[in-house]
Amino acid sequence: MSSGYHFSQKHILGIRDLSPEDIDFILQTADSFKEISSRAIKKVPTLRGNTIVNVFYEPSTRTRLSFEIAAKRMSADTFNIAASASSVTKGETLIDTARNIAAMKPDIIIIRHSHSGAAQMLTRYIDASVINAGDGTHEHPSQGLLDMMTVREHKGRLDGLKVAIIGDILHSRVAHSDILGFTRMGSSVHVYGPATLLPQGLEELGAVVCSSLEEAVRDADVIITLRIQLERQNDPLFPSLREYAQKYGVNREVVKLAQPDAIVMHPGPINRGVELMPDVADGPQSVILDQVTNGVAVRMALLYLVMGNS
């Protein structure tokens with residue numbers, strides 16, 4: 001870890017709030033925690049006595065489980081609340097839910113919510129640290145950090161890389177965190193997808209908007225494909241899944257346009273045969289499972305750091 005560096009963030013709400021030095025320190029901290037997951041006994045007493053509550057208003061497999069595993073590997077007490085099994089079904093508001101949880105004195109609340117800004121709002125009503133596990137179409141900071149960790153592991157650096165992000169940029173909080181994070185760390189981010197799935201303002205975030213799949217992927221060091229988020233689309237924004245796969249799906253021919261040692265990533269879950277072909281998802285250039293492994297290490301680092309352990 002960086003000698004003498006002080007990490008001062010109480011909350012992790014978005015990559016936008018993190019400096020390049022913060023990001024580098026988080027990734028170094030995650031590197032040091034990753035070894036714990038390979039031990040015979042995967043447990044350290046680092047957060048013993050701390051209480052962490054996962055509050056998930058949207059379905060999740062990887063994020064929720066990896067936050068829970070991360071907390072338990074550091075000996076914290078963890079509790080999970082799903083909206084479908086909580087007083088939300090009785091009409092309780094997010095603020096009331098948060099205030100009641102806060103009255104039980106947890107140290108960290110991890111929240112995933114369908115509304116952008118939900119995590120930020122919680123910080124105004126509770127004293128606990130808040131970690132954003134995905135809010136609407138806004139940000140997913142821990143995914144952005146684990147993506148950067150994975151790339152740095154495989155490429156040895158983040159500065160000077162070409163990162164191509166392909167797919168549903170409009171609804172993707174992962175894309176927003178990745179664009180902010182990779183550009184902040186010196187990568188050049190090129191994005192492409194259907195015109196109806198490209199939001200305004202991408203250039204202001206630092207991305208290069210491409211006019212073709214070939215332009216986005218050519219000579220790329222990293223290809224990140226994104227899931228089509230049909231659950232966030234009130235009206236169809238492209239003709240069919242079949243046409244999407246033909247025009248925007250990443251197959252072996254597309255990957256050949258990138259650098260020979262390019263890596264392929266996906267935040268999951270994958271719509272196989274749509275945004276990513278199975279032979280690429282399971283191929284030698286795929287590092288998707290490395291992303292999952294690194295997710296635990298990054299989330300261990302975030303839990304550790306927001307408790308003031310810098």
# chains A, B, ... in the order shown; residues from 1 in each chain; ligands from 1
>>> closest_atom_pairs(of="region 15-91 of chain A", to="region 163-183 of chain A", cutoff="10 Å", atoms="only C-alpha atoms", output="JSON lines")
{"residue": "A:Ile15", "atom": "CA", "partner": "A:Ser177", "partner_atom": "CA", "distance": 5.8}
{"residue": "A:Arg16", "atom": "CA", "partner": "A:Leu180", "partner_atom": "CA", "distance": 6.5}
{"residue": "A:Asp17", "atom": "CA", "partner": "A:Leu180", "partner_atom": "CA", "distance": 10.0}
{"residue": "A:Leu18", "atom": "CA", "partner": "A:Gly181", "partner_atom": "CA", "distance": 8.6}
{"residue": "A:Ser19", "atom": "CA", "partner": "A:Gly181", "partner_atom": "CA", "distance": 9.3}
{"residue": "A:Pro20", "atom": "CA", "partner": "A:Gly181", "partner_atom": "CA", "distance": 8.3}
{"residue": "A:Ile23", "atom": "CA", "partner": "A:Gly181", "partner_atom": "CA", "distance": 8.0}
>>> closest_atom_pairs(of="region 126-234 of chain A", to="region 285-296 of chain A", cutoff="10 Å", atoms="only C-alpha atoms", output="CSV")
residue,atom,partner,partner_atom,distance
A:Ser142,CA,A:Gly295,CA,7.5
A:Gln143,CA,A:Gly295,CA,7.1
A:Gly144,CA,A:Gly295,CA,9.7
A:Leu145,CA,A:Gly295,CA,8.3
A:Leu146,CA,A:Gly295,CA,5.3
A:Asp147,CA,A:Gln291,CA,6.4
A:Met148,CA,A:Gln291,CA,9.3
A:Met149,CA,A:Asn294,CA,7.0
A:Thr150,CA,A:Gln291,CA,5.9
A:Val151,CA,A:Val287,CA,9.0
A:Glu153,CA,A:Asp290,CA,9.6
A:His154,CA,A:Val287,CA,8.9
A:Val222,CA,A:Gln285,CA,9.8
A:Ile223,CA,A:Ser286,CA,9.5
A:Ile224,CA,A:Ile288,CA,9.7
>>> write_last_selection(atoms="N, CA and C atoms", output="PDB file, in the first residue's frame")
ATOM      1  N   SER A 142     -18.280  -0.143  -6.975  1.00  0.00           N
ATOM      2  CA  SER A 142     -17.455  -1.323  -6.681  1.00  0.00           C
ATOM      3  C   SER A 142     -17.212  -2.155  -7.934  1.00  0.00           C
ATOM      4  N   GLN A 143     -18.176  -2.178  -8.871  1.00  0.00           N
ATOM      5  CA  GLN A 143     -17.964  -2.878 -10.138  1.00  0.00           C
ATOM      6  C   GLN A 143     -16.903  -2.162 -10.964  1.00  0.00           C
ATOM      7  N   GLY A 144     -16.969  -0.846 -10.996  1.00  0.00           N
ATOM      8  CA  GLY A 144     -15.946  -0.098 -11.714  1.00  0.00           C
ATOM      9  C   GLY A 144     -14.561  -0.367 -11.155  1.00  0.00           C
ATOM     10  N   LEU A 145     -14.450  -0.446  -9.843  1.00  0.00           N
ATOM     11  CA  LEU A 145     -13.154  -0.686  -9.205  1.00  0.00           C
ATOM     12  C   LEU A 145     -12.651  -2.100  -9.475  1.00  0.00           C
ATOM     13  N   LEU A 146     -13.544  -3.084  -9.425  1.00  0.00           N
ATOM     14  CA  LEU A 146     -13.091  -4.452  -9.690  1.00  0.00           C
ATOM     15  C   LEU A 146     -12.723  -4.623 -11.165  1.00  0.00           C
ATOM     16  N   ASP A 147     -13.387  -3.884 -12.031  1.00  0.00           N
ATOM     17  CA  ASP A 147     -12.999  -3.915 -13.447  1.00  0.00           C
ATOM     18  C   ASP A 147     -11.591  -3.343 -13.622  1.00  0.00           C
ATOM     19  N   MET A 148     -11.314  -2.238 -12.946  1.00  0.00           N
ATOM     20  CA  MET A 148      -9.976  -1.652 -13.044  1.00  0.00           C
ATOM     21  C   MET A 148      -8.926  -2.575 -12.436  1.00  0.00           C
ATOM     22  N   MET A 149      -9.261  -3.216 -11.326  1.00  0.00           N
ATOM     23  CA  MET A 149      -8.330  -4.160 -10.711  1.00  0.00           C
ATOM     24  C   MET A 149      -8.003  -5.310 -11.660  1.00  0.00           C
ATOM     25  N   THR A 150      -9.034  -5.827 -12.336  1.00  0.00           N
ATOM     26  CA  THR A 150      -8.842  -6.951 -13.251  1.00  0.00           C
ATOM     27  C   THR A 150      -7.966  -6.556 -14.430  1.00  0.00           C
ATOM     28  N   VAL A 151      -8.225  -5.377 -14.986  1.00  0.00           N
ATOM     29  CA  VAL A 151      -7.417  -4.911 -16.114  1.00  0.00           C
ATOM     30  C   VAL A 151      -5.973  -4.691 -15.679  1.00  0.00           C
ATOM     31  N   GLU A 153      -4.346  -6.118 -13.317  1.00  0.00           N
ATOM     32  CA  GLU A 153      -3.705  -7.419 -13.110  1.00  0.00           C
ATOM     33  C   GLU A 153      -3.200  -8.011 -14.420  1.00  0.00           C
ATOM     34  N   HIS A 154      -4.029  -7.915 -15.461  1.00  0.00           N
ATOM     35  CA  HIS A 154      -3.691  -8.553 -16.730  1.00  0.00           C
ATOM     36  C   HIS A 154      -2.795  -7.699 -17.613  1.00  0.00           C
ATOM     37  N   VAL A 222      -8.828  -3.781 -24.127  1.00  0.00           N
ATOM     38  CA  VAL A 222      -9.883  -4.319 -23.268  1.00  0.00           C
ATOM     39  C   VAL A 222     -11.221  -4.147 -23.980  1.00  0.00           C
ATOM     40  N   ILE A 223     -12.040  -5.196 -23.997  1.00  0.00           N
ATOM     41  CA  ILE A 223     -13.406  -5.117 -24.525  1.00  0.00           C
ATOM     42  C   ILE A 223     -14.351  -5.440 -23.385  1.00  0.00           C
ATOM     43  N   ILE A 224     -15.208  -4.501 -23.044  1.00  0.00           N
ATOM     44  CA  ILE A 224     -16.225  -4.708 -22.008  1.00  0.00           C
ATOM     45  C   ILE A 224     -17.586  -4.717 -22.678  1.00  0.00           C
TER      46      ILE A 224
END
>>> closest_residue(among="A:Asn80, A:Phe7, A:Tyr125, A:Ser116", to="Arg99 (chain A)", atoms="only C-alpha atoms")
A:Tyr125
>>> closest_residue(among="A:Leu27, A:Val280, A:Arg227, A:Ser87", to="Arg152 (chain A)", atoms="only C-alpha atoms")
A:Leu27
>>> residues_around(residues="Ala70 (chain A)", least_positions_apart="3", cutoff="12 Å", atoms="only C-alpha atoms", output="count of residues only")
36
>>> atom_distance(atom1="CA of Tyr5 (chain A)", atom2="CA of Phe25 (chain A)")
7.8 Å
>>> residues_around(residues="region 267-270 of chain A", least_positions_apart="2", cutoff="7 Å", atoms="only C-alpha atoms", output="VMD selection string")
chain A and resid 226 to 227 265 272
>>> write_last_selection(atoms="all heavy atoms", output="PDB file, in the first residue's frame")
ATOM      1  N   LEU A 226     -21.786  -5.183 -22.363  1.00  0.00           N
ATOM      2  CA  LEU A 226     -22.811  -4.881 -21.365  1.00  0.00           C
ATOM      3  C   LEU A 226     -24.109  -5.608 -21.682  1.00  0.00           C
ATOM      4  O   LEU A 226     -24.481  -5.769 -22.852  1.00  0.00           O
ATOM      5  CB  LEU A 226     -23.083  -3.377 -21.329  1.00  0.00           C
ATOM      6  CG  LEU A 226     -21.895  -2.476 -20.981  1.00  0.00           C
ATOM      7  CD1 LEU A 226     -22.284  -1.017 -21.180  1.00  0.00           C
ATOM      8  CD2 LEU A 226     -21.425  -2.718 -19.556  1.00  0.00           C
ATOM      9  N   ARG A 227     -24.798  -5.983 -20.630  1.00  0.00           N
ATOM     10  CA  ARG A 227     -26.096  -6.639 -20.778  1.00  0.00           C
ATOM     11  C   ARG A 227     -27.157  -5.640 -21.235  1.00  0.00           C
ATOM     12  O   ARG A 227     -27.179  -4.492 -20.789  1.00  0.00           O
ATOM     13  CB  ARG A 227     -26.512  -7.245 -19.425  1.00  0.00           C
ATOM     14  CG  ARG A 227     -27.845  -7.969 -19.426  1.00  0.00           C
ATOM     15  CD  ARG A 227     -28.115  -8.594 -18.062  1.00  0.00           C
ATOM     16  NE  ARG A 227     -28.329  -7.577 -17.041  1.00  0.00           N
ATOM     17  CZ  ARG A 227     -29.503  -7.030 -16.753  1.00  0.00           C
ATOM     18  NH1 ARG A 227     -30.595  -7.382 -17.437  1.00  0.00           N
ATOM     19  NH2 ARG A 227     -29.610  -6.130 -15.794  1.00  0.00           N
ATOM     20  N   MET A 265     -14.363  -8.701 -21.102  1.00  0.00           N
ATOM     21  CA  MET A 265     -14.984  -8.612 -19.782  1.00  0.00           C
ATOM     22  C   MET A 265     -16.492  -8.422 -19.920  1.00  0.00           C
ATOM     23  O   MET A 265     -16.999  -8.004 -20.958  1.00  0.00           O
ATOM     24  CB  MET A 265     -14.372  -7.447 -19.001  1.00  0.00           C
ATOM     25  CG  MET A 265     -12.861  -7.560 -18.829  1.00  0.00           C
ATOM     26  SD  MET A 265     -12.074  -6.054 -18.192  1.00  0.00           S
ATOM     27  CE  MET A 265     -12.771  -5.959 -16.551  1.00  0.00           C
ATOM     28  N   ARG A 272     -26.194 -14.803 -23.173  1.00  0.00           N
ATOM     29  CA  ARG A 272     -25.339 -15.524 -24.112  1.00  0.00           C
ATOM     30  C   ARG A 272     -25.980 -15.564 -25.498  1.00  0.00           C
ATOM     31  O   ARG A 272     -27.165 -15.815 -25.635  1.00  0.00           O
ATOM     32  CB  ARG A 272     -25.088 -16.953 -23.619  1.00  0.00           C
ATOM     33  CG  ARG A 272     -24.102 -17.002 -22.450  1.00  0.00           C
ATOM     34  CD  ARG A 272     -23.965 -18.403 -21.874  1.00  0.00           C
ATOM     35  NE  ARG A 272     -22.899 -18.432 -20.887  1.00  0.00           N
ATOM     36  CZ  ARG A 272     -21.658 -18.841 -21.134  1.00  0.00           C
ATOM     37  NH1 ARG A 272     -21.336 -19.284 -22.332  1.00  0.00           N
ATOM     38  NH2 ARG A 272     -20.740 -18.825 -20.184  1.00  0.00           N
TER      39      ARG A 272
END
>>> closest_residue(among="A:Val264, A:Gly134, A:Gly201, A:Glu21", to="His6 (chain A)", atoms="only C-alpha atoms")
A:Glu21
>>> closest_residue(among="A:Glu139, A:Met185, A:Leu13, A:Arg39", to="Met121 (chain A)", atoms="only C-alpha atoms")
A:Leu13
>>> closest_residue(among="A:His190, A:Lys72, A:Pro199, A:Ile263", to="His138 (chain A)", atoms="only C-alpha atoms")
A:Pro199
>>> select_by_dssp(residues="region 90-133 of chain A", states="helix (DSSP H, G or I)", output="list in words")
Lys90, Leu94, Ile95, Asp96, Thr97, Ala98, Arg99, Asn100, Ile101, Ala102, Ala118, Ala119, Gln120, Met121 and Leu122 of chain A
>>> write_last_selection(atoms="all heavy atoms", output="compact mmCIF listing (two decimals), in the first residue's frame")
# COMPACT_ATOMS: atom_id res chain seq x y z
N LYS A 90 -45.17 -3.32 2.67
CA LYS A 90 -46.30 -2.75 3.42
C LYS A 90 -46.41 -1.24 3.22
O LYS A 90 -47.22 -0.58 3.86
CB LYS A 90 -46.15 -3.06 4.91
CG LYS A 90 -46.06 -4.56 5.23
CD LYS A 90 -45.79 -4.78 6.71
CE LYS A 90 -45.62 -6.27 7.01
NZ LYS A 90 -45.31 -6.50 8.45
N LEU A 94 -38.16 4.37 1.75
CA LEU A 94 -36.74 4.11 1.89
C LEU A 94 -36.17 4.85 3.10
O LEU A 94 -35.38 4.30 3.86
CB LEU A 94 -36.00 4.53 0.61
CG LEU A 94 -34.47 4.52 0.67
CD1 LEU A 94 -33.95 3.12 0.95
CD2 LEU A 94 -33.88 5.06 -0.63
N ILE A 95 -36.59 6.10 3.28
CA ILE A 95 -36.07 6.89 4.39
C ILE A 95 -36.46 6.27 5.73
O ILE A 95 -35.63 6.14 6.64
CB ILE A 95 -36.56 8.35 4.30
CG1 ILE A 95 -35.95 9.04 3.08
CG2 ILE A 95 -36.21 9.12 5.57
CD1 ILE A 95 -36.52 10.40 2.80
N ASP A 96 -37.72 5.83 5.85
CA ASP A 96 -38.14 5.20 7.10
C ASP A 96 -37.41 3.88 7.33
O ASP A 96 -37.04 3.56 8.47
CB ASP A 96 -39.66 4.97 7.09
CG ASP A 96 -40.44 6.26 7.34
OD1 ASP A 96 -39.85 7.19 7.93
OD2 ASP A 96 -41.62 6.33 6.95
N THR A 97 -37.25 3.11 6.27
CA THR A 97 -36.49 1.87 6.40
C THR A 97 -35.08 2.17 6.88
O THR A 97 -34.57 1.52 7.81
CB THR A 97 -36.44 1.13 5.05
OG1 THR A 97 -37.75 0.76 4.64
CG2 THR A 97 -35.58 -0.13 5.15
N ALA A 98 -34.43 3.16 6.27
CA ALA A 98 -33.06 3.50 6.64
C ALA A 98 -32.97 3.99 8.08
O ALA A 98 -32.06 3.61 8.82
CB ALA A 98 -32.53 4.57 5.69
N ARG A 99 -33.91 4.83 8.48
CA ARG A 99 -33.88 5.35 9.85
C ARG A 99 -34.05 4.23 10.87
O ARG A 99 -33.41 4.23 11.93
CB ARG A 99 -34.97 6.40 10.03
CG ARG A 99 -34.62 7.76 9.42
CD ARG A 99 -35.79 8.70 9.48
NE ARG A 99 -35.39 10.08 9.26
CZ ARG A 99 -36.23 11.07 8.98
NH1 ARG A 99 -37.53 10.81 8.88
NH2 ARG A 99 -35.80 12.30 8.80
N ASN A 100 -34.91 3.27 10.55
CA ASN A 100 -35.11 2.16 11.48
C ASN A 100 -33.89 1.26 11.55
O ASN A 100 -33.51 0.78 12.63
CB ASN A 100 -36.35 1.36 11.08
CG ASN A 100 -37.64 2.00 11.57
OD1 ASN A 100 -38.06 1.78 12.70
ND2 ASN A 100 -38.26 2.82 10.74
N ILE A 101 -33.26 1.03 10.41
CA ILE A 101 -32.03 0.25 10.42
C ILE A 101 -30.95 1.00 11.19
O ILE A 101 -30.23 0.42 12.01
CB ILE A 101 -31.56 -0.05 8.98
CG1 ILE A 101 -32.56 -0.96 8.26
CG2 ILE A 101 -30.17 -0.69 8.97
CD1 ILE A 101 -32.29 -1.13 6.78
N ALA A 102 -30.84 2.31 10.94
CA ALA A 102 -29.82 3.12 11.61
C ALA A 102 -30.01 3.12 13.13
O ALA A 102 -29.03 3.19 13.88
CB ALA A 102 -29.86 4.55 11.08
N ALA A 118 -30.27 7.24 -4.65
CA ALA A 118 -30.79 6.67 -3.41
C ALA A 118 -29.71 6.57 -2.34
O ALA A 118 -29.94 6.90 -1.17
CB ALA A 118 -31.41 5.30 -3.67
N ALA A 119 -28.52 6.12 -2.73
CA ALA A 119 -27.43 5.98 -1.75
C ALA A 119 -27.03 7.34 -1.20
O ALA A 119 -26.80 7.50 0.01
CB ALA A 119 -26.24 5.27 -2.40
N GLN A 120 -26.94 8.33 -2.08
CA GLN A 120 -26.59 9.69 -1.66
C GLN A 120 -27.63 10.21 -0.66
O GLN A 120 -27.27 10.82 0.36
CB GLN A 120 -26.54 10.61 -2.87
CG GLN A 120 -26.33 12.08 -2.55
CD GLN A 120 -24.91 12.41 -2.19
OE1 GLN A 120 -24.00 12.02 -2.91
NE2 GLN A 120 -24.70 13.09 -1.09
N MET A 121 -28.90 9.96 -0.92
CA MET A 121 -29.95 10.44 -0.04
C MET A 121 -29.81 9.85 1.36
O MET A 121 -30.03 10.53 2.37
CB MET A 121 -31.32 10.10 -0.62
CG MET A 121 -32.48 10.65 0.20
SD MET A 121 -34.09 10.18 -0.46
CE MET A 121 -34.10 8.43 -0.08
N LEU A 122 -29.45 8.56 1.44
CA LEU A 122 -29.33 7.91 2.74
C LEU A 122 -28.33 8.61 3.63
O LEU A 122 -28.51 8.65 4.85
CB LEU A 122 -28.89 6.45 2.57
CG LEU A 122 -29.92 5.40 2.17
CD1 LEU A 122 -29.37 4.02 2.46
CD2 LEU A 122 -31.24 5.60 2.87
>>> residues_around(residues="Ala245 (chain A)", least_positions_apart="2", cutoff="7 Å", atoms="only C-alpha atoms", output="PyMOL selection string")
chain A and resi 241-243+247-249+273-275
>>> write_last_selection(atoms="C-alpha atoms", output="PDB file, in the first residue's frame")
ATOM      1  CA  LEU A 241     -32.535  -9.530 -29.937  1.00  0.00           C
ATOM      2  CA  ARG A 242     -31.536 -11.318 -33.122  1.00  0.00           C
ATOM      3  CA  GLU A 243     -30.755  -8.068 -34.915  1.00  0.00           C
ATOM      4  CA  LYS A 247     -25.016  -5.718 -35.255  1.00  0.00           C
ATOM      5  CA  TYR A 248     -23.671  -5.291 -31.735  1.00  0.00           C
ATOM      6  CA  GLY A 249     -22.816  -8.764 -30.459  1.00  0.00           C
ATOM      7  CA  GLY A 273     -25.640 -15.300 -27.863  1.00  0.00           C
ATOM      8  CA  VAL A 274     -26.880 -11.711 -27.703  1.00  0.00           C
ATOM      9  CA  GLU A 275     -24.267  -9.230 -26.466  1.00  0.00           C
TER      10      GLU A 275
END
>>> select_by_dssp(residues="region 91-204 of chain A", states="strand (DSSP E)", output="PyMOL selection string")
chain A and resi 108-113+129-135+162-166+188-192
>>> closest_residue(among="A:Pro106, A:Pro278, A:Gly186, A:Gly49", to="Asp24 (chain A)", atoms="only C-alpha atoms")
A:Gly186
>>> atom_distance(atom1="CA of Arg184 (chain A)", atom2="CA of Leu161 (chain A)")
12.0 Å
